[in-house]
Every structure is written in C-alpha cells, then in structure tokens.
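Source file my_file23.pdb; content: PDB, C-alpha atoms and all ligand atoms.
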```pdb
ATOM      1  CA  MET A   1      48.239  24.250   0.770
ATOM      2  CA  GLN A   2      50.052  25.262   3.892
ATOM      3  CA  HIS A   3      53.628  24.152   3.573
ATOM      4  CA  GLY A   4      55.687  24.025   6.699
ATOM      5  CA  LEU A   5      53.180  22.071   8.702
ATOM      6  CA  GLY A   6      54.135  18.672   9.915
ATOM      7  CA  ARG A   7      57.781  17.839   9.878
ATOM      8  CA  GLY A   8      58.809  21.290   8.736
ATOM      9  CA  ARG A   9      57.406  22.706  11.928
ATOM     10  CA  CYS A  10      58.805  19.734  13.823
ATOM     11  CA  ASP A  11      62.338  20.519  12.800
ATOM     12  CA  ASN A  12      62.263  24.261  12.818
ATOM     13  CA  GLU A  13      60.167  25.404  15.707
ATOM     14  CA  VAL A  14      59.513  22.718  18.254
ATOM     15  CA  ARG A  15      62.293  20.604  19.612
ATOM     16  CA  LEU A  16      62.295  18.624  22.796
ATOM     17  CA  ASP A  17      64.902  16.208  24.054
ATOM     18  CA  GLN A  18      62.643  13.241  23.620
ATOM     19  CA  GLY A  19      61.767  14.214  20.065
ATOM     20  CA  ALA A  20      59.817  17.075  18.668
ATOM     21  CA  ILE A  21      56.141  16.958  19.528
ATOM     22  CA  ASP A  22      53.933  17.849  16.649
ATOM     23  CA  ALA A  23      50.260  17.831  15.942
ATOM     24  CA  GLN A  24      48.880  14.919  13.988
ATOM     25  CA  VAL A  25      48.427  15.894  10.389
ATOM     26  CA  ASP A  26      45.828  14.830   7.845
ATOM     27  CA  VAL A  27      44.626  15.919   4.434
ATOM     28  CA  ALA A  28      41.931  18.605   4.436
ATOM     29  CA  ARG A  29      39.905  17.464   1.437
ATOM     30  CA  GLU A  30      39.590  14.513  -0.851
ATOM     31  CA  ALA A  31      41.886  14.178  -3.840
ATOM     32  CA  GLU A  32      42.170  11.619  -6.559
ATOM     33  CA  LEU A  33      45.095  10.248  -8.509
ATOM     34  CA  HIS A  34      44.651   9.390 -12.117
ATOM     35  CA  GLN A  35      47.020   7.427 -14.228
ATOM     36  CA  VAL A  36      46.857   7.383 -17.983
ATOM     37  CA  ILE A  37      47.370   3.869 -19.217
ATOM     38  CA  GLY A  38      47.290   2.426 -22.693
ATOM     39  CA  LEU A  39      45.862   4.804 -25.275
ATOM     40  CA  GLY A  40      44.645   7.567 -23.082
ATOM     41  CA  VAL A  41      42.328   5.554 -20.879
ATOM     42  CA  VAL A  42      42.028   7.295 -17.571
ATOM     43  CA  HIS A  43      41.658   5.101 -14.551
ATOM     44  CA  GLU A  44      40.811   6.347 -11.141
ATOM     45  CA  ASP A  45      43.450   4.431  -9.282
ATOM     46  CA  ALA A  46      43.514   5.950  -5.889
ATOM     47  CA  SER A  47      41.892   8.567  -3.722
ATOM     48  CA  LEU A  48      42.954  10.285  -0.540
ATOM     49  CA  GLU A  49      40.493  11.123   2.198
ATOM     50  CA  PRO A  50      40.791  12.805   5.540
ATOM     51  CA  THR A  51      40.290  10.478   8.472
ATOM     52  CA  ALA A  52      40.668  10.876  12.182
ATOM     53  CA  GLU A  53      42.894   8.306  13.831
ATOM     54  CA  ASP A  54      40.036   6.661  15.699
ATOM     55  CA  ARG A  55      37.796   6.513  12.621
ATOM     56  CA  ARG A  56      40.363   5.105  10.270
ATOM     57  CA  HIS A  57      39.554   1.438  10.599
ATOM     58  CA  GLU A  58      35.840   1.940  10.781
ATOM     59  CA  GLU A  59      35.892   3.763   7.443
ATOM     60  CA  ALA A  60      38.358   1.477   5.792
ATOM     61  CA  ASP A  61      36.338  -1.599   6.646
ATOM     62  CA  ARG A  62      33.672  -0.439   4.239
ATOM     63  CA  PHE A  63      36.084  -1.066   1.398
ATOM     64  CA  LEU A  64      37.991  -4.127   0.334
ATOM     65  CA  GLY A  65      40.094  -4.335   3.392
ATOM     66  CA  ASP A  66      42.375  -2.389   5.566
ATOM     67  CA  ALA A  67      46.139  -2.401   5.726
ATOM     68  CA  ARG A  68      47.823  -0.055   8.112
ATOM     69  CA  ALA A  69      50.976   1.518   6.787
ATOM     70  CA  GLU A  70      52.933   0.015   9.646
ATOM     71  CA  PHE A  71      55.807  -2.312  10.137
ATOM     72  CA  GLN A  72      53.620  -5.187  11.327
ATOM     73  CA  ASP A  73      51.765  -5.222   8.014
ATOM     74  CA  VAL A  74      54.816  -5.353   5.739
ATOM     75  CA  GLY A  75      54.415  -8.179   3.259
ATOM     76  CA  SER A  76      56.967  -8.707   0.521
ATOM     77  CA  THR A  77      60.035  -6.531  -0.005
ATOM     78  CA  GLY A  78      61.420  -7.552  -3.381
ATOM     79  CA  TYR A  79      61.433  -4.851  -6.043
ATOM     80  CA  ALA A  80      58.845  -2.914  -4.056
ATOM     81  CA  THR A  81      57.391  -2.872  -0.567
ATOM     82  CA  SER A  82      53.901  -4.237  -0.013
ATOM     83  CA  LEU A  83      51.528  -4.263   2.924
ATOM     84  CA  ARG A  84      49.442  -7.287   3.746
ATOM     85  CA  SER A  85      46.508  -7.668   6.042
ATOM     86  CA  LYS A  86      43.469  -9.902   6.405
ATOM     87  CA  GLY A  87      44.131 -11.811   3.223
ATOM     88  CA  PHE A  88      44.751  -8.965   0.825
ATOM     89  CA  ALA A  89      47.808  -6.974  -0.140
ATOM     90  CA  VAL A  90      48.643  -3.496  -1.338
ATOM     91  CA  GLY A  91      51.802  -3.220  -3.428
ATOM     92  CA  THR A  92      54.320  -0.487  -4.144
ATOM     93  CA  VAL A  93      53.564   1.697  -1.156
ATOM     94  CA  GLU A  94      57.047   3.200  -0.701
ATOM     95  CA  HIS A  95      56.915   6.241  -2.994
ATOM     96  CA  PHE A  96      53.589   7.334  -1.594
ATOM     97  CA  LEU A  97      54.804   6.804   1.973
ATOM     98  CA  ALA A  98      57.920   8.866   1.211
ATOM     99  CA  VAL A  99      55.619  11.774   0.357
ATOM    100  CA  LEU A 100      53.592  11.350   3.554
ATOM    101  CA  HIS A 101      56.859  11.149   5.533
ATOM    102  CA  SER A 102      58.165  14.329   3.950
ATOM    103  CA  TYR A 103      54.941  16.315   4.330
ATOM    104  CA  GLY A 104      54.415  15.051   7.875
ATOM    105  CA  VAL A 105      51.041  13.437   7.199
ATOM    106  CA  THR A 106      50.175  10.997   9.979
ATOM    107  CA  ASN A 107      46.497  10.201   9.390
ATOM    108  CA  LEU A 108      45.143   9.379   6.002
ATOM    109  CA  LEU A 109      42.799   6.938   4.374
ATOM    110  CA  ALA A 110      44.138   6.041   0.933
ATOM    111  CA  LYS A 111      41.782   3.938  -1.174
ATOM    112  CA  VAL A 112      43.623   1.989  -3.812
ATOM    113  CA  GLN A 113      43.173  -1.124  -5.877
ATOM    114  CA  SER A 114      45.752  -3.871  -5.488
ATOM    115  CA  GLU A 115      48.641  -1.457  -5.534
ATOM    116  CA  VAL A 116      49.428   2.191  -5.269
ATOM    117  CA  PRO A 117      49.604   3.454  -8.871
ATOM    118  CA  ILE A 118      53.174   3.707 -10.108
ATOM    119  CA  MET A 119      52.421   6.943 -12.024
ATOM    120  CA  ASP A 120      55.623   7.908 -13.890
ATOM    121  CA  GLY A 121      57.792   5.946 -11.453
ATOM    122  CA  SER A 122      58.458   9.014  -9.311
ATOM    123  CA  ALA A 123      56.598  10.687  -6.438
ATOM    124  CA  GLU A 124      55.853  13.986  -8.164
ATOM    125  CA  GLU A 125      52.175  13.362  -8.763
ATOM    126  CA  PHE A 126      51.641  12.198  -5.185
ATOM    127  CA  CYS A 127      53.014  15.556  -4.049
ATOM    128  CA  GLN A 128      50.574  17.316  -6.354
ATOM    129  CA  ALA A 129      47.641  15.241  -5.127
ATOM    130  CA  LEU A 130      48.519  15.928  -1.513
ATOM    131  CA  GLU A 131      48.847  19.637  -2.144
ATOM    132  CA  GLU A 132      45.547  19.612  -3.987
ATOM    133  CA  ALA A 133      43.962  17.932  -0.982
ATOM    134  CA  GLY A 134      45.562  20.397   1.421
ATOM    135  CA  ILE A 135      46.957  19.579   4.825
ATOM    136  CA  GLU A 136      45.552  20.427   8.214
ATOM    137  CA  GLU A 137      46.550  19.825  11.780
ATOM    138  CA  GLN A 138      44.427  17.661  14.043
ATOM    139  CA  ALA A 139      44.259  17.329  17.770
ATOM    140  CA  GLY A 140      46.647  14.749  19.156
ATOM    141  CA  GLU A 141      50.383  14.481  19.225
ATOM    142  CA  CYS A 142      52.975  12.760  17.123
ATOM    143  CA  SER A 143      56.609  12.563  18.167
ATOM    144  CA  GLU A 144      59.625  11.937  15.980
ATOM    145  CA  ILE A 145      61.653   8.799  16.415
ATOM    146  CA  VAL A 146      65.008  10.197  17.505
ATOM    147  CA  ILE A 147      67.660   7.583  16.790
ATOM    148  CA  ASP A 148      69.483   6.837  20.045
ATOM    149  CA  ARG A 149      72.548   4.901  18.816
ATOM    150  CA  PRO A 150      73.888   3.454  15.559
ATOM    151  CA  TYR A 151      71.999   0.595  13.909
ATOM    152  CA  GLU A 152      73.409  -1.224  10.913
ATOM    153  CA  VAL A 153      72.452  -3.961   8.451
ATOM    154  CA  ARG A 154      75.188  -5.636   6.431
ATOM    155  CA  ALA A 155      74.239  -7.886   3.550
ATOM    156  CA  LYS A 156      76.365  -9.526   0.884
ATOM    157  CA  GLY A 157      79.438  -7.733  -0.438
ATOM    158  CA  GLU A 158      79.454  -4.006   0.217
ATOM    159  CA  GLU A 159      75.660  -3.838   0.559
ATOM    160  CA  ALA A 160      74.915  -2.099   3.867
ATOM    161  CA  ILE A 161      72.638   0.482   5.478
ATOM    162  CA  ARG A 162      73.293   2.305   8.726
ATOM    163  CA  ILE A 163      71.561   4.997  10.768
ATOM    164  CA  GLU A 164      73.124   6.974  13.571
ATOM    165  CA  PRO A 165      72.057   9.826  15.859
ATOM    166  CA  ALA A 166      72.008  13.293  14.270
ATOM    167  CA  GLU A 167      70.332  16.666  14.684
ATOM    168  CA  THR A 168      68.572  16.373  11.331
ATOM    169  CA  PHE A 169      67.197  13.623   9.113
ATOM    170  CA  SER A 170      69.523  12.890   6.204
ATOM    171  CA  VAL A 171      70.238  10.075   3.749
ATOM    172  CA  HIS A 172      73.491   9.474   1.887
ATOM    173  CA  TYR A 173      73.243   6.818  -0.818
ATOM    174  CA  VAL A 174      75.942   5.246  -2.987
ATOM    175  CA  LEU A 175      75.351   2.810  -5.831
ATOM    176  CA  ARG A 176      77.716   1.163  -8.285
ATOM    177  CA  TYR A 177      76.573  -0.584 -11.435
ATOM    178  CA  PRO A 178      78.333  -1.221 -14.729
ATOM    179  CA  GLU A 179      77.923   1.506 -17.362
ATOM    180  CA  PRO A 180      75.718   3.214 -18.400
ATOM    181  CA  VAL A 181      74.817   3.748 -14.729
ATOM    182  CA  GLY A 182      78.287   3.785 -13.210
ATOM    183  CA  GLU A 183      78.890   5.054  -9.694
ATOM    184  CA  GLN A 184      76.401   7.527  -8.289
ATOM    185  CA  GLU A 185      75.967   9.080  -4.900
ATOM    186  CA  HIS A 186      73.603  11.616  -3.450
ATOM    187  CA  ARG A 187      73.334  13.249  -0.048
ATOM    188  CA  TYR A 188      69.922  14.535   1.000
ATOM    189  CA  THR A 189      69.111  16.498   4.142
ATOM    190  CA  TYR A 190      65.473  16.975   5.051
ATOM    191  CA  LEU A 191      64.637  20.667   5.278
ATOM    192  CA  GLY A 192      60.899  20.507   4.603
ATOM    193  CA  PRO A 193      58.516  19.393   1.844
ATOM    194  CA  GLU A 194      59.898  21.869  -0.689
ATOM    195  CA  THR A 195      63.393  20.368  -0.675
ATOM    196  CA  PHE A 196      61.918  16.900  -0.966
ATOM    197  CA  LYS A 197      59.765  17.982  -3.888
ATOM    198  CA  ALA A 198      62.653  19.569  -5.752
ATOM    199  CA  GLU A 199      65.417  17.109  -4.980
ATOM    200  CA  ILE A 200      63.961  13.634  -4.439
ATOM    201  CA  ALA A 201      60.318  13.351  -5.549
ATOM    202  CA  PRO A 202      61.039  13.623  -9.325
ATOM    203  CA  ALA A 203      63.552  10.726  -9.293
ATOM    204  CA  ARG A 204      62.027   7.747 -11.095
ATOM    205  CA  THR A 205      62.055   3.996 -10.617
ATOM    206  CA  PHE A 206      64.584   2.238 -12.814
ATOM    207  CA  GLY A 207      65.095  -1.249 -14.140
ATOM    208  CA  PHE A 208      67.394  -3.175 -16.426
ATOM    209  CA  LEU A 209      66.237  -4.398 -19.817
ATOM    210  CA  ARG A 210      67.424  -7.893 -18.947
ATOM    211  CA  ASP A 211      64.835  -7.881 -16.131
ATOM    212  CA  ILE A 212      62.008  -6.722 -18.395
ATOM    213  CA  GLU A 213      59.780  -9.699 -17.653
ATOM    214  CA  LYS A 214      59.999  -9.026 -13.940
ATOM    215  CA  LEU A 215      59.222  -5.382 -14.581
ATOM    216  CA  GLN A 216      56.170  -6.359 -16.591
ATOM    217  CA  THR A 217      54.997  -8.606 -13.808
ATOM    218  CA  MET A 218      55.352  -5.699 -11.416
ATOM    219  CA  GLY A 219      53.245  -3.490 -13.650
ATOM    220  CA  LEU A 220      56.152  -1.117 -14.169
ATOM    221  CA  VAL A 221      56.092  -1.681 -17.895
ATOM    222  CA  GLY A 222      52.603  -2.003 -19.269
ATOM    223  CA  GLY A 223      49.946  -0.703 -21.609
ATOM    224  CA  GLY A 224      52.370  -0.866 -24.526
ATOM    225  CA  LYS A 225      54.303   2.042 -23.095
ATOM    226  CA  LEU A 226      57.660   2.326 -21.413
ATOM    227  CA  ASN A 227      56.936   5.452 -19.432
ATOM    228  CA  ASN A 228      56.605   4.092 -15.929
ATOM    229  CA  CYS A 229      60.280   3.626 -15.226
ATOM    230  CA  ILE A 230      63.744   4.263 -16.614
ATOM    231  CA  ILE A 231      64.873   1.280 -18.679
ATOM    232  CA  ILE A 232      68.614   0.654 -18.688
ATOM    233  CA  GLY A 233      70.076  -1.207 -21.678
ATOM    234  CA  ASP A 234      73.538  -2.674 -22.152
ATOM    235  CA  ASP A 235      75.207   0.591 -23.020
ATOM    236  CA  LYS A 236      72.626   3.352 -22.688
ATOM    237  CA  ILE A 237      69.345   4.488 -21.180
ATOM    238  CA  LEU A 238      66.706   3.278 -23.619
ATOM    239  CA  ASN A 239      63.518   5.210 -23.140
ATOM    240  CA  THR A 240      64.046   8.634 -21.595
ATOM    241  CA  GLU A 241      66.391  11.454 -20.653
ATOM    242  CA  LEU A 242      67.514  11.462 -17.041
ATOM    243  CA  ARG A 243      66.080  14.224 -14.849
ATOM    244  CA  PHE A 244      69.266  14.331 -12.759
ATOM    245  CA  ALA A 245      72.706  12.929 -13.482
ATOM    246  CA  ASP A 246      72.387  10.972 -10.220
ATOM    247  CA  GLU A 247      68.675  10.142 -10.602
ATOM    248  CA  PHE A 248      69.197   6.496  -9.625
ATOM    249  CA  ALA A 249      70.801   7.362  -6.292
ATOM    250  CA  ARG A 250      68.066   9.916  -5.634
ATOM    251  CA  HIS A 251      65.388   7.316  -6.326
ATOM    252  CA  LYS A 252      66.990   4.947  -3.846
ATOM    253  CA  ILE A 253      66.725   7.732  -1.277
ATOM    254  CA  LEU A 254      63.031   8.092  -2.139
ATOM    255  CA  ASP A 255      62.583   4.388  -1.406
ATOM    256  CA  ILE A 256      64.375   4.724   1.931
ATOM    257  CA  LEU A 257      62.236   7.713   2.953
ATOM    258  CA  GLY A 258      59.133   5.630   2.261
ATOM    259  CA  ASP A 259      60.263   2.443   3.963
ATOM    260  CA  LEU A 260      61.486   4.322   7.033
ATOM    261  CA  TYR A 261      57.987   5.711   7.553
ATOM    262  CA  LEU A 262      56.638   2.247   8.291
ATOM    263  CA  LEU A 263      57.161   2.736  12.012
ATOM    264  CA  GLY A 264      54.396   5.339  11.686
ATOM    265  CA  ARG A 265      56.358   8.361  12.872
ATOM    266  CA  PRO A 266      58.909  10.687  11.265
ATOM    267  CA  MET A 267      62.509   9.809  12.021
ATOM    268  CA  ARG A 268      65.550  11.865  12.981
ATOM    269  CA  GLY A 269      68.980  10.410  12.279
ATOM    270  CA  ALA A 270      71.673  10.184   9.606
ATOM    271  CA  VAL A 271      71.262   7.273   7.171
ATOM    272  CA  SER A 272      74.083   6.047   4.957
ATOM    273  CA  ALA A 273      73.509   3.220   2.498
ATOM    274  CA  VAL A 274      75.440   1.404  -0.215
ATOM    275  CA  MET A 275      73.673  -0.734  -2.846
ATOM    276  CA  THR A 276      70.752  -1.563  -0.582
ATOM    277  CA  GLY A 277      67.113  -2.321  -1.358
ATOM    278  CA  HIS A 278      63.777  -2.669   0.381
ATOM    279  CA  SER A 279      64.681  -5.821   2.289
ATOM    280  CA  ASP A 280      67.664  -4.075   3.883
ATOM    281  CA  ASN A 281      65.547  -1.040   4.750
ATOM    282  CA  ILE A 282      62.993  -3.239   6.482
ATOM    283  CA  ALA A 283      65.741  -5.174   8.305
ATOM    284  CA  LEU A 284      67.066  -1.848   9.594
ATOM    285  CA  LEU A 285      63.579  -0.887  10.778
ATOM    286  CA  ARG A 286      63.354  -4.170  12.631
ATOM    287  CA  GLN A 287      66.592  -3.380  14.468
ATOM    288  CA  ILE A 288      65.460   0.137  15.352
ATOM    289  CA  ARG A 289      62.118  -1.160  16.548
ATOM    290  CA  GLU A 290      63.686  -3.768  18.790
ATOM    291  CA  GLY A 291      66.545  -1.533  19.963
ATOM    292  CA  MET A 292      64.276   1.356  20.908
ATOM    293  CA  ASN A 293      61.324  -0.742  22.120
ATOM    294  CA  LEU A 294      58.926   0.824  19.618
TER     295      LEU A 294
HETATM  296 ZN    ZN B   1      61.196   2.986  -5.801
END
```

Would you mind giving the structure from this file in structure tokens?
Ligand SMILES: [Zn+2]
Amino acid sequence: MQHGLGRGRCDNEVRLDQGAIDAQVDVAREAELHQVIGLGVVHEDASLEPTAEDRRHEEADRFLGDARAEFQDVGSTGYATSLRSKGFAVGTVEHFLAVLHSYGVTNLLAKVQSEVPIMDGSAEEFCQALEEAGIEEQAGECSEIVIDRPYEVRAKGEEAIRIEPAETFSVHYVLRYPEPVGEQEHRYTYLGPETFKAEIAPARTFGFLRDIEKLQTMGLVGGGKLNNCIIIGDDKILNTELRFADEFARHKILDILGDLYLLGRPMRGAVSAVMTGHSDNIALLRQIREGMNL
C-alpha cells in the first residue's frame, strides 16, 4: 500500500492556482469486504475492483445495475445517503465514500448488494480493504474543487453548515443533545489518509434507543446483535464503550467527508457545521455545484 498517493500528494507536492492537479487513482487489485452477521455467518457483501474510467460503465452493466457515486444519482438522504439509478438503489454509501475521498481514489468499481455493508458502523474496515487492494495511479488528471467563496445552508434552529475558502480541507462539527451525549465538538484537518484513519475512520454510527425501529429498518441493528452502531439510552450508552469522548462529532465529520465526495472530486475549503445531517450536506453540495458551475 503506497500511502501518500492521491490527495496526500495533492496537498503536499502539487499546487496550482486552479486546484492541485493529480493523477486519477484506482485500486490495484481486487479486495472483498466481509461482514459477520448473526451467529458467525460470513457474507460476502461487497468487493472492490480496479476499473479505468472509460470501462467503468461497461463492466458495471454486467451486474445488477450501475449507480455512479455522483451528485446526480443521489436518492434519499434521511439517516443515510443512497444512490439511485435505473430503477435500483444503493444505500449507506457515505462512510465508504469518505474513505475514497480521504485516500484520493477516483476510479473504482464497487460491487455491492442493496447497500454498502454497515460493518461496525465505522469506516475502519473500508480502510483495511482499500489498503489490502492497494492503490495505483492511472493516466488522466483529477483536480480538486477549490471553494471560491462562502456557501451556507441554514435549516431549522441552529442547524447550519457552511464552507469557505481555505488553504486546506477541514471540518469543524458541533452537536448538542441531552445527556448522555451532551455537547461535543471536533475539528479535523485533512493531512493525508493516516490522519483520517486515526482520527475519523474509527468513529461509529450512533442512534437513540427510542428510534430502534427505524434503526432496525435501516439494517443498523440486526442479526440479534447490537454491534453495528452505538445505541444511546435515556441516561447512558447501552451497548459499547466509546472509542473517543467526542465519537459522535467525529462520526458526523465522517458523514460530511463522504457526502462531499459526491461531486466526484476532492474538495479544498473549511467546513463548519452545527447539528446537521445528510440532507444539509447535499443541499450544500447543490449550492457549490450551482455557484461554481460544476
Ligand atoms: Zn454515518
């Protein structure tokens, strides 16, 4: 695995006024993701394969269907972000896309069933799968989206997300819930895949016990186990120890990193968000897309 390719190289070595120009990046070999469900049944839920940009659709058409991880194919944005195309949908793409964003992978054929496996609710195993597959540069160019002016989405109450021009890509997230969550904030600056892997990728999906039926519907709680997300009860976390004191804020940053990759190119700008979710992230993307004619 050659770390430092992709966005790492983008930020550190090559910088042009119109955005750093980088090679397109793909996985070198195939890799598979396995998720243990129920009593130790191993399902092959997804595989990653190298694919050149111009071969992507041709190959994908041999399978169930083909959704491009792009803004135009965004379907629903409730608890998770889904892609929809030609009558089928792929759910929960954001954690996987956050990994591709952070490793600078621009071309990839991911074969999945109806949704990207949730794994343990974090992005750790996607990092491992990508590293197992290896990363290589391809011919072709990919430029960062360099934010040119502030864009902002304001929803109800204090819920808001904003991005403004900056030299680096960073996300500052604040959330406030009643105890046991309380107020949390985290500030993340992208410095390469290693910082992402240490700081953001391990942060897991979370949900409230009172929403358990919705979580079950989403497949976040299934197989008789409660190990696919952090369950928050009335006065304590019910099923696990937190990996970070501010794990919830970090997970929200993971979601933002994934959603902001739906314009298909890495982004440079400073994001600040309070109590936002996928719908706000996508609304911000819409503004950026229109404002910058992307
Ligand atoms: Zn998430």

Report task. Name each residue within 7 Å of ligand ZN 1 (chain B), counting all atoms listed in the file, as a PyMOL selection string. Result -> chain A and resi 80+94-95+205+251-252+254-255

Query raised in the report: Hey, which of A:Ile282, A:Leu191, A:Ile231, A:Ile288 ends up closest to Ser102 of chain A? Count only C-alpha atoms.
Result: A:Leu191

Query raised in the report: If you count all atoms listed in the file, which residues fall within 7 Å of segment 171-173 of chain A, apart from same-chain ones fewer than 3 positions away, as an MDAnalysis selection string?
Result: chainID A and resid 185:189 249 253 270:274

Requested in this report: Would you work out the distance separating atom CA of Glu131 of chain A from atom CA of Lys197 of chain A, expressed in Å to one decimal?
Outcome: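 These two atoms are separated by 11.2 Å.
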
Report task. Kindly give the distance, in Å, that separates atom CA of Ala123 of chain A and atom CA of Gln184 of chain A, rounded to a single decimal. Result -> 20.1 Å

Requested in this report: Using all atoms listed in the file, find the one residue out of A:Ala203, A:Asp280, A:Arg268, A:Val181 that sits nearest to Gly233 of chain A.
Outcome: A:Val181

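Of the residues under consideration (A:Lys156, A:Arg243, A:Lys236, A:Arg162), A:Lys236 shows the shortest atom-to-atom contact distance to Pro180 of chain A when counting all atoms listed in the file.
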
Query raised in the report: Using all atoms listed in the file, can you list as a VMD selection string the residues within 6 Å of (75.0, 5.8, 15.1)?
Result: chain A and resid 149 to 150 163 to 165

Residues from last step as file, C-alpha atoms, as an mmCIF file, keeping the file's coordinate frame:
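Final output, part29.cif:
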```cif
data_model
loop_
_atom_site.group_PDB
_atom_site.id
_atom_site.type_symbol
_atom_site.label_atom_id
_atom_site.label_comp_id
_atom_site.auth_asym_id
_atom_site.auth_seq_id
_atom_site.Cartn_x
_atom_site.Cartn_y
_atom_site.Cartn_z
ATOM 1 C CA ARG A 149 72.548 4.901 18.816
ATOM 2 C CA PRO A 150 73.888 3.454 15.559
ATOM 3 C CA ILE A 163 71.561 4.997 10.768
ATOM 4 C CA GLU A 164 73.124 6.974 13.571
ATOM 5 C CA PRO A 165 72.057 9.826 15.859
#
```

Report task. Counting only C-alpha atoms, figure out which residue out of A:Phe96, A:Pro193, A:Leu175, A:Ala201 gets nearest to Ile161 of chain A. Result -> A:Leu175

Query raised in the report: If you apply the PyMOL selection byres (((chain A and resi 264) around 12) and not hetatm) to this file, what residues do you get, as a ChimeraX atom specification?
Result: /A:24,68-73,97-98,100-101,104-108,142-145,257-263,265-267,285,289,294

Query raised in the report: Hey, can you check how far atom CA of Ser122 of chain A sits from atom CA of Ile232 of chain A?
Result: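 For atom CA of Ser122 of chain A relative to atom CA of Ile232 of chain A, the distance reads 16.2 Å.
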
Picked residues, the PyMOL selection byres (((chain A and resi 208) around 9) and not hetatm), as a PDB file with C-alpha atoms, in the coordinates of the input:
```pdb
ATOM      1  CA  PHE A 206      64.584   2.238 -12.814  1.00  0.00           C
ATOM      2  CA  GLY A 207      65.095  -1.249 -14.140  1.00  0.00           C
ATOM      3  CA  LEU A 209      66.237  -4.398 -19.817  1.00  0.00           C
ATOM      4  CA  ARG A 210      67.424  -7.893 -18.947  1.00  0.00           C
ATOM      5  CA  ASP A 211      64.835  -7.881 -16.131  1.00  0.00           C
ATOM      6  CA  ILE A 212      62.008  -6.722 -18.395  1.00  0.00           C
ATOM      7  CA  LEU A 215      59.222  -5.382 -14.581  1.00  0.00           C
ATOM      8  CA  ILE A 230      63.744   4.263 -16.614  1.00  0.00           C
ATOM      9  CA  ILE A 231      64.873   1.280 -18.679  1.00  0.00           C
ATOM     10  CA  ILE A 232      68.614   0.654 -18.688  1.00  0.00           C
ATOM     11  CA  GLY A 233      70.076  -1.207 -21.678  1.00  0.00           C
ATOM     12  CA  ASP A 234      73.538  -2.674 -22.152  1.00  0.00           C
TER      13      ASP A 234
END
```

**Report entry** Which of A:Met292, A:Val116, A:Ile256, A:Ala133 sits closest to Met275 of chain A [using only C-alpha atoms]
**Finding:**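 Residue with the minimum atom-to-atom distance to Met275 of chain A: A:Ile256.
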